[in-house]
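Novice: Compact mmCIF, C-alpha atoms, file input13.txt:
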```txt
# COMPACT_ATOMS: atom_id res chain seq x y z
CA LEU F 1 80.71 78.18 97.74
CA ASP F 2 80.84 75.54 95.07
CA SER F 3 83.83 73.38 95.98
CA HIS F 4 83.54 71.47 92.69
CA LEU F 5 83.95 74.72 90.78
CA PHE F 6 87.06 75.67 92.74
CA ASP F 7 88.48 72.16 92.28
CA ALA F 8 87.91 72.46 88.52
CA ILE F 9 89.55 75.91 88.40
CA SER F 10 92.47 74.61 90.42
CA SER F 11 92.95 71.56 88.18
CA ALA F 12 92.82 73.64 85.01
CA SER F 13 95.18 76.23 86.50
CA LEU F 14 97.71 73.66 87.64
CA MET F 15 97.92 72.21 84.13
CA ARG F 16 98.77 75.63 82.65
CA ILE F 17 100.39 77.50 85.54
CA GLU F 18 103.73 77.83 83.73
CA ASP F 19 101.92 79.80 81.00
CA PHE F 20 100.30 82.23 83.44
CA ARG F 21 101.34 85.85 83.21
CA PRO F 22 101.77 87.83 86.46
CA GLN F 23 98.24 89.24 86.22
CA GLU F 24 96.79 85.73 85.94
CA LEU F 25 98.85 84.50 88.89
CA ALA F 26 97.76 87.49 90.97
CA SER F 27 94.10 87.26 89.97
CA THR F 28 93.91 83.54 90.72
CA ALA F 29 95.53 83.93 94.14
CA TRP F 30 93.35 86.98 94.87
CA ALA F 31 90.11 85.16 93.97
CA TYR F 32 90.86 82.24 96.26
CA ALA F 33 91.91 84.57 99.09
CA LYS F 34 88.91 86.86 98.68
CA LEU F 35 86.60 83.91 99.25
CA LEU F 36 88.96 82.27 101.79
CA VAL F 37 89.29 79.11 99.72
CA TRP F 38 92.42 77.22 100.68
CA ASP F 39 94.11 75.10 98.02
CA GLU F 40 97.64 74.30 99.11
CA GLN F 41 98.70 72.71 95.83
CA LEU F 42 97.51 75.70 93.81
CA MET F 43 99.09 78.24 96.19
CA ASN F 44 102.38 76.33 96.08
CA ALA F 45 102.25 76.38 92.27
CA ILE F 46 101.43 80.10 92.15
CA SER F 47 104.26 80.81 94.58
CA SER F 48 106.74 78.80 92.52
CA ALA F 49 105.65 80.42 89.26
CA ALA F 50 105.81 83.89 90.79
CA LYS F 51 109.30 83.29 92.21
CA PHE F 52 110.46 81.93 88.86
CA THR F 53 109.21 84.91 86.86
CA LEU F 54 110.54 87.40 89.41
CA SER F 55 113.98 85.77 89.46
CA SER F 56 114.25 85.16 85.71
CA LYS F 57 112.69 88.36 84.36
CA GLY F 58 112.71 90.65 87.38
CA PRO F 59 109.80 92.94 88.10
CA ILE F 60 109.53 94.04 84.47
CA ASP F 61 106.44 91.88 83.81
CA TRP F 62 104.99 92.59 87.22
CA GLY F 63 103.20 95.81 88.05
CA SER F 64 102.78 97.12 91.56
CA GLN F 65 99.13 96.03 91.51
CA GLU F 66 99.94 92.40 90.68
CA LEU F 67 102.65 92.34 93.34
CA ALA F 68 100.43 93.88 96.01
CA ASN F 69 97.43 91.69 95.15
CA THR F 70 99.53 88.52 95.25
CA ALA F 71 101.11 89.52 98.57
CA TRP F 72 97.69 90.36 100.00
CA ALA F 73 96.26 87.04 98.84
CA PHE F 74 99.03 84.98 100.42
CA SER F 75 98.80 86.96 103.65
CA ARG F 76 95.02 86.66 103.83
CA LEU F 77 95.36 82.90 103.45
CA ALA F 78 98.19 82.87 106.06
CA TYR F 79 100.54 81.35 103.48
CA GLN F 80 104.02 82.03 104.84
CA ASP F 81 106.58 82.28 102.05
CA GLU F 82 109.23 84.79 103.06
CA THR F 83 111.28 84.17 99.91
CA LEU F 84 108.35 85.14 97.71
CA MET F 85 107.41 88.11 99.88
CA ALA F 86 111.02 89.34 99.87
CA ALA F 87 111.15 89.12 96.07
CA MET F 88 107.81 90.91 95.69
CA SER F 89 108.64 93.68 98.17
CA ALA F 90 112.03 94.22 96.49
CA SER F 91 110.21 94.46 93.16
CA VAL F 92 107.83 97.11 94.48
CA LEU F 93 110.83 99.09 95.73
CA ALA F 94 112.46 98.72 92.30
CA ILE F 95 109.28 100.02 90.65
CA LEU F 96 109.30 102.98 93.03
CA HIS F 97 112.95 103.69 92.30
CA VAL F 98 112.88 103.30 88.51
CA GLY F 99 109.45 104.75 88.03
CA ASN F 100 109.57 107.73 90.35
CA ALA F 101 109.41 110.17 87.44
CA VAL F 102 106.73 108.10 85.71
CA VAL F 103 104.44 107.54 88.68
CA ALA F 104 104.79 110.98 90.20
CA ASP F 105 101.98 113.44 89.86
CA GLU F 106 103.96 116.21 88.22
CA LYS F 107 101.71 119.00 89.48
CA GLU F 108 101.82 117.88 93.06
CA GLY F 109 105.20 116.13 93.09
CA ARG F 110 103.83 113.07 94.87
CA SER F 111 103.33 109.39 94.15
CA SER F 112 100.14 108.34 92.40
CA PRO F 113 97.27 107.30 94.71
CA ALA F 114 97.16 103.83 93.13
CA LEU F 115 100.85 103.23 93.81
CA VAL F 116 100.46 104.44 97.39
CA ARG F 117 97.62 101.91 97.87
CA HIS F 118 99.80 99.14 96.46
CA VAL F 119 102.63 100.10 98.80
CA GLU F 120 100.23 100.03 101.74
CA MET F 121 98.84 96.63 100.70
CA MET F 122 102.38 95.29 100.50
CA LEU F 123 103.28 96.67 103.93
CA TRP F 124 100.11 95.20 105.46
CA SER F 125 100.93 91.85 103.86
CA LEU F 126 104.51 91.88 105.11
CA SER F 127 103.32 92.67 108.63
CA ARG F 128 101.57 89.29 108.68
CA LEU F 129 104.80 87.32 108.27
CA ALA F 130 106.29 85.46 111.22
CA ASP F 131 109.34 87.75 111.11
CA LEU F 132 108.54 91.47 110.89
CA GLU F 133 112.03 92.51 109.77
CA LEU F 134 111.05 92.37 106.10
CA ALA F 135 108.09 94.68 106.81
CA TRP F 136 110.35 97.20 108.56
CA THR F 137 112.95 97.02 105.79
CA PHE F 138 110.24 97.59 103.17
CA ARG F 139 108.77 100.54 105.09
CA GLU F 140 112.19 102.16 105.37
CA GLY F 141 112.87 101.57 101.66
CA VAL F 142 109.56 103.17 100.72
CA GLN F 143 110.38 106.22 102.80
CA VAL F 144 113.79 106.53 101.13
CA GLN F 145 111.99 106.60 97.77
CA GLY F 146 109.83 109.46 99.01
CA CYS F 147 106.55 107.56 98.80
CA PRO F 148 104.21 108.24 101.72
CA VAL F 149 103.35 105.39 104.02
CA GLY F 150 99.77 105.77 105.18
CA ARG F 151 98.53 105.69 108.74
CA LEU F 152 96.50 102.54 108.21
CA ALA F 153 99.41 100.43 106.97
CA SER F 154 101.82 101.85 109.57
CA GLY F 155 99.24 101.41 112.30
CA GLY F 156 98.74 97.80 111.24
CA LEU F 157 102.46 97.15 111.56
CA LEU F 158 102.57 98.79 115.00
CA SER F 159 99.51 96.81 116.09
CA GLU F 160 101.19 93.60 114.98
CA CYS F 161 104.31 94.55 116.98
CA GLU F 162 102.20 95.18 120.06
CA THR F 163 100.23 91.95 119.66
CA ARG F 164 103.46 89.97 119.43
CA GLY F 165 105.08 91.77 122.35
CA GLU F 166 107.74 93.27 120.08
CA TRP F 167 107.03 96.84 121.13
CA GLY F 168 109.83 99.05 122.39
CA ASP F 169 112.23 99.40 119.48
CA THR F 170 113.09 102.98 118.54
CA ARG F 171 111.65 102.50 115.08
CA GLU F 172 108.23 101.68 116.56
CA ALA F 173 108.42 104.87 118.62
CA ASP F 174 109.42 106.89 115.55
CA VAL F 175 106.46 105.57 113.59
CA TYR F 176 104.11 106.21 116.47
CA LEU F 177 105.32 109.81 116.83
CA THR F 178 105.03 110.36 113.06
CA LEU F 179 101.47 109.03 113.09
CA ALA F 180 100.57 111.21 116.08
CA ALA F 181 101.99 114.28 114.35
CA ARG F 182 100.06 113.50 111.15
CA GLY F 183 96.89 113.04 113.19
CA SER F 184 97.41 116.47 114.77
CA GLN F 185 97.97 118.01 111.33
CA VAL F 186 94.78 116.42 110.00
CA ALA F 187 92.79 117.62 113.04
CA SER F 188 94.22 121.15 112.66
CA ALA F 189 93.37 121.24 108.94
CA ALA F 190 89.84 120.03 109.66
CA ALA F 191 89.37 122.68 112.33
CA ARG F 192 90.59 125.40 109.96
CA ALA F 193 88.23 124.18 107.25
CA ALA F 194 85.23 124.21 109.59
```
Since I need it in another form, could you write the structure as C-alpha cells?
Specialist:
Amino acid sequence: LDSHLFDAISSASLMRIEDFRPQELASTAWAYAKLLVWDEQLMNAISSAAKFTLSSKGPIDWGSQELANTAWAFSRLAYQDETLMAAMSASVLAILHVGNAVVADEKEGRSSPALVRHVEMMLWSLSRLADLELAWTFREGVQVQGCPVGRLASGGLLSECETRGEWGDTREADVYLTLAARGSQVASAAARAA
C-alpha cells in the first residue's frame, strides 16, 4: 500500500469533509477499512460529519447502503463509537419503517434482497461493539418491521455472545432455536428438491 497516497487522500478529505455527502463519507470510510488503513484523524472527522448530518437532517440523505457500509467500515477498523452506531442503526430502522411499502417486493411480500443485506451488515457491525445491547435492540426492531434477519448475521451475534461469555440469556436461546428451525426447513426443502 502506498502510505503517501493515503496521507494525501486523508489531507484532501479533511479539508473538505464538511462538504461530503453521505455516500462520500461512507465510501471514504469503506475504502480505508477494506484495505485496513487506520487514520484516526480521518475516522474521527467522518464520524463527526456523519453524526452531524444524521442529527440535523435525519436519515433522509442517507440510504441503507451508506449506513451499512459506514457501520461496517468502523467495525472492521475496530473504531468504537456507540453514539454513531446508535444513530445509524436507528436510521436503518426508520428506513425500514417508512419504506416498507417502497422496499417490499410486491409479488412476494418481502423486503428487497439489497435491504436485507444492509440490515445484516448493520447487525454484524453492531455485534462488534463493546456492549451488545444495541445489536440486540436493532435485531428486535428489524423483526418488528418484518424484515428477515439472516442466519449469518444472527449466528455472528450469537458467536460474539459465546466468545464474550454472555451466553445464557433467553433471547440467545430464542435466536438459536429459530436458526435451528430454519436450518431444518432448508434441509427438508433440499431433500424434497433432490
Novice: Please identify every residue of region 19-105 of chain F that has at least one atom no farther than 9 Å from an atom of region 128-142 of chain F, counting all atoms listed in the file, and for each give the shortest atom pair and the distance in Å to one decimal, arranged by chain then increasing number, as CSV.
Specialist:
```
residue,atom,partner,partner_atom,distance
F:Ser75,CA,F:Arg128,CA,6.2
F:Arg76,CA,F:Arg128,CA,8.6
F:Ala78,CA,F:Arg128,CA,7.7
F:Tyr79,CA,F:Leu129,CA,8.8
F:Gln80,CA,F:Leu129,CA,6.4
F:Asp81,CA,F:Leu129,CA,8.2
F:Glu82,CA,F:Leu129,CA,7.3
F:Met85,CA,F:Leu134,CA,8.4
F:Ala86,CA,F:Leu134,CA,6.9
F:Ser89,CA,F:Phe138,CA,6.5
F:Ala90,CA,F:Phe138,CA,7.7
F:Val92,CA,F:Val142,CA,8.9
F:Leu93,CA,F:Val142,CA,6.6
F:Leu96,CA,F:Val142,CA,7.7
```
Novice: Skipping near chain neighbours, those fewer than 5 positions away, what residues fall within 8 Å of Trp62 (chain F) using all atoms listed in the file, listed as a ChimeraX atom specification?
Specialist: /F:22-23,54,67
Novice: Report as a VMD selection string all protein, DNA and RNA residues lying within 10 Å of Leu42 (chain F), evaluated on all atoms listed in the file, omitting residues in the same chain fewer than 3 positions from it.
Specialist: chain F and resid 7 9 to 11 13 to 14 17 28 to 29 32 38 to 39 45 to 48
Novice: What separation in Å, quoted to one decimal, exists between CA of Glu120 (chain F) and CA of Gly156 (chain F)?
Specialist: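 Going from CA of Glu120 (chain F) over to CA of Gly156 (chain F) covers 9.9 Å.
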Novice: Between CA of Leu158 (chain F) and CA of Leu126 (chain F), measure the distance and give it in Å to one decimal.
Specialist: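 Distance between the two atoms: 12.2 Å.
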Novice: Point out the residue among F:Ser125, F:Met43, F:Ser55, F:Trp30 with the least atom-to-atom distance to Asn69 (chain F), counting only C-alpha atoms.
Specialist: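 Of all the options, F:Trp30 lies closest to Asn69 (chain F).
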Novice: CA of Val116 (chain F) and CA of Pro148 (chain F), how far apart in Å?
Specialist: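 That distance, rounded to one decimal, is 6.9 Å.
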Novice: What would region 122-152 of chain F look like with N, CA and C atoms restored, written as a PDB file, in the frame of the given file?
Specialist:
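Wrote it out as selection.pdb, contents follow:
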```
ATOM      1  N   MET F 122     101.170  96.090 100.329  1.00  0.00           N
ATOM      2  CA  MET F 122     102.380  95.290 100.500  1.00  0.00           C
ATOM      3  C   MET F 122     102.852  95.351 101.943  1.00  0.00           C
ATOM      4  N   LEU F 123     102.848  96.546 102.541  1.00  0.00           N
ATOM      5  CA  LEU F 123     103.280  96.670 103.930  1.00  0.00           C
ATOM      6  C   LEU F 123     102.355  95.885 104.857  1.00  0.00           C
ATOM      7  N   TRP F 124     101.047  95.981 104.639  1.00  0.00           N
ATOM      8  CA  TRP F 124     100.110  95.200 105.460  1.00  0.00           C
ATOM      9  C   TRP F 124     100.415  93.713 105.319  1.00  0.00           C
ATOM     10  N   SER F 125     100.647  93.260 104.100  1.00  0.00           N
ATOM     11  CA  SER F 125     100.930  91.850 103.860  1.00  0.00           C
ATOM     12  C   SER F 125     102.211  91.395 104.547  1.00  0.00           C
ATOM     13  N   LEU F 126     103.232  92.218 104.462  1.00  0.00           N
ATOM     14  CA  LEU F 126     104.510  91.880 105.110  1.00  0.00           C
ATOM     15  C   LEU F 126     104.388  91.850 106.620  1.00  0.00           C
ATOM     16  N   SER F 127     103.479  92.648 107.168  1.00  0.00           N
ATOM     17  CA  SER F 127     103.320  92.670 108.630  1.00  0.00           C
ATOM     18  C   SER F 127     102.613  91.429 109.146  1.00  0.00           C
ATOM     19  N   ARG F 128     102.207  90.553 108.272  1.00  0.00           N
ATOM     20  CA  ARG F 128     101.570  89.290 108.680  1.00  0.00           C
ATOM     21  C   ARG F 128     102.544  88.120 108.673  1.00  0.00           C
ATOM     22  N   LEU F 129     103.791  88.370 108.257  1.00  0.00           N
ATOM     23  CA  LEU F 129     104.800  87.320 108.270  1.00  0.00           C
ATOM     24  C   LEU F 129     105.238  87.019 109.700  1.00  0.00           C
ATOM     25  N   ALA F 130     105.805  85.844 109.888  1.00  0.00           N
ATOM     26  CA  ALA F 130     106.290  85.460 111.220  1.00  0.00           C
ATOM     27  C   ALA F 130     107.390  86.405 111.700  1.00  0.00           C
ATOM     28  N   ASP F 131     108.247  86.827 110.782  1.00  0.00           N
ATOM     29  CA  ASP F 131     109.340  87.750 111.110  1.00  0.00           C
ATOM     30  C   ASP F 131     109.001  89.114 110.513  1.00  0.00           C
ATOM     31  N   LEU F 132     108.929  90.132 111.342  1.00  0.00           N
ATOM     32  CA  LEU F 132     108.540  91.470 110.890  1.00  0.00           C
ATOM     33  C   LEU F 132     109.679  92.273 110.283  1.00  0.00           C
ATOM     34  N   GLU F 133     110.879  91.743 110.280  1.00  0.00           N
ATOM     35  CA  GLU F 133     112.030  92.510 109.770  1.00  0.00           C
ATOM     36  C   GLU F 133     111.843  92.913 108.316  1.00  0.00           C
ATOM     37  N   LEU F 134     111.275  92.044 107.510  1.00  0.00           N
ATOM     38  CA  LEU F 134     111.050  92.370 106.100  1.00  0.00           C
ATOM     39  C   LEU F 134     110.064  93.537 105.968  1.00  0.00           C
ATOM     40  N   ALA F 135     109.055  93.577 106.829  1.00  0.00           N
ATOM     41  CA  ALA F 135     108.090  94.680 106.810  1.00  0.00           C
ATOM     42  C   ALA F 135     108.791  95.997 107.153  1.00  0.00           C
ATOM     43  N   TRP F 136     109.636  95.974 108.166  1.00  0.00           N
ATOM     44  CA  TRP F 136     110.350  97.200 108.560  1.00  0.00           C
ATOM     45  C   TRP F 136     111.308  97.642 107.459  1.00  0.00           C
ATOM     46  N   THR F 137     112.012  96.694 106.860  1.00  0.00           N
ATOM     47  CA  THR F 137     112.950  97.020 105.790  1.00  0.00           C
ATOM     48  C   THR F 137     112.204  97.637 104.604  1.00  0.00           C
ATOM     49  N   PHE F 138     111.051  97.065 104.264  1.00  0.00           N
ATOM     50  CA  PHE F 138     110.240  97.590 103.170  1.00  0.00           C
ATOM     51  C   PHE F 138     109.770  99.005 103.488  1.00  0.00           C
ATOM     52  N   ARG F 139     109.266  99.211 104.691  1.00  0.00           N
ATOM     53  CA  ARG F 139     108.770 100.540 105.090  1.00  0.00           C
ATOM     54  C   ARG F 139     109.881 101.581 104.972  1.00  0.00           C
ATOM     55  N   GLU F 140     111.063 101.230 105.442  1.00  0.00           N
ATOM     56  CA  GLU F 140     112.190 102.160 105.370  1.00  0.00           C
ATOM     57  C   GLU F 140     112.576 102.429 103.909  1.00  0.00           C
ATOM     58  N   GLY F 141     112.554 101.397 103.072  1.00  0.00           N
ATOM     59  CA  GLY F 141     112.870 101.570 101.660  1.00  0.00           C
ATOM     60  C   GLY F 141     111.874 102.465 100.947  1.00  0.00           C
ATOM     61  N   VAL F 142     110.612 102.325 101.302  1.00  0.00           N
ATOM     62  CA  VAL F 142     109.560 103.170 100.720  1.00  0.00           C
ATOM     63  C   VAL F 142     109.794 104.624 101.101  1.00  0.00           C
ATOM     64  N   GLN F 143     110.127 104.847 102.347  1.00  0.00           N
ATOM     65  CA  GLN F 143     110.380 106.220 102.800  1.00  0.00           C
ATOM     66  C   GLN F 143     111.565 106.830 102.076  1.00  0.00           C
ATOM     67  N   VAL F 144     112.608 106.046 101.853  1.00  0.00           N
ATOM     68  CA  VAL F 144     113.790 106.530 101.130  1.00  0.00           C
ATOM     69  C   VAL F 144     113.397 106.969  99.724  1.00  0.00           C
ATOM     70  N   GLN F 145     112.446 106.254  99.125  1.00  0.00           N
ATOM     71  CA  GLN F 145     111.990 106.600  97.770  1.00  0.00           C
ATOM     72  C   GLN F 145     111.052 107.799  97.767  1.00  0.00           C
ATOM     73  N   GLY F 146     110.675 108.283  98.930  1.00  0.00           N
ATOM     74  CA  GLY F 146     109.830 109.460  99.010  1.00  0.00           C
ATOM     75  C   GLY F 146     108.344 109.183  98.846  1.00  0.00           C
ATOM     76  N   CYS F 147     107.968 107.922  98.916  1.00  0.00           N
ATOM     77  CA  CYS F 147     106.550 107.560  98.800  1.00  0.00           C
ATOM     78  C   CYS F 147     105.952 107.573 100.209  1.00  0.00           C
ATOM     79  N   PRO F 148     104.813 108.202 100.374  1.00  0.00           N
ATOM     80  CA  PRO F 148     104.210 108.240 101.720  1.00  0.00           C
ATOM     81  C   PRO F 148     103.736 106.858 102.154  1.00  0.00           C
ATOM     82  N   VAL F 149     103.866 106.619 103.436  1.00  0.00           N
ATOM     83  CA  VAL F 149     103.350 105.390 104.020  1.00  0.00           C
ATOM     84  C   VAL F 149     102.166 105.800 104.882  1.00  0.00           C
ATOM     85  N   GLY F 150     100.997 105.344 104.519  1.00  0.00           N
ATOM     86  CA  GLY F 150      99.770 105.770 105.180  1.00  0.00           C
ATOM     87  C   GLY F 150      99.652 105.305 106.617  1.00  0.00           C
ATOM     88  N   ARG F 151      98.750 105.988 107.318  1.00  0.00           N
ATOM     89  CA  ARG F 151      98.530 105.690 108.740  1.00  0.00           C
ATOM     90  C   ARG F 151      97.978 104.282 108.937  1.00  0.00           C
ATOM     91  N   LEU F 152      97.111 103.849 108.036  1.00  0.00           N
ATOM     92  CA  LEU F 152      96.500 102.540 108.210  1.00  0.00           C
ATOM     93  C   LEU F 152      97.532 101.423 108.140  1.00  0.00           C
TER      94      LEU F 152
END
```
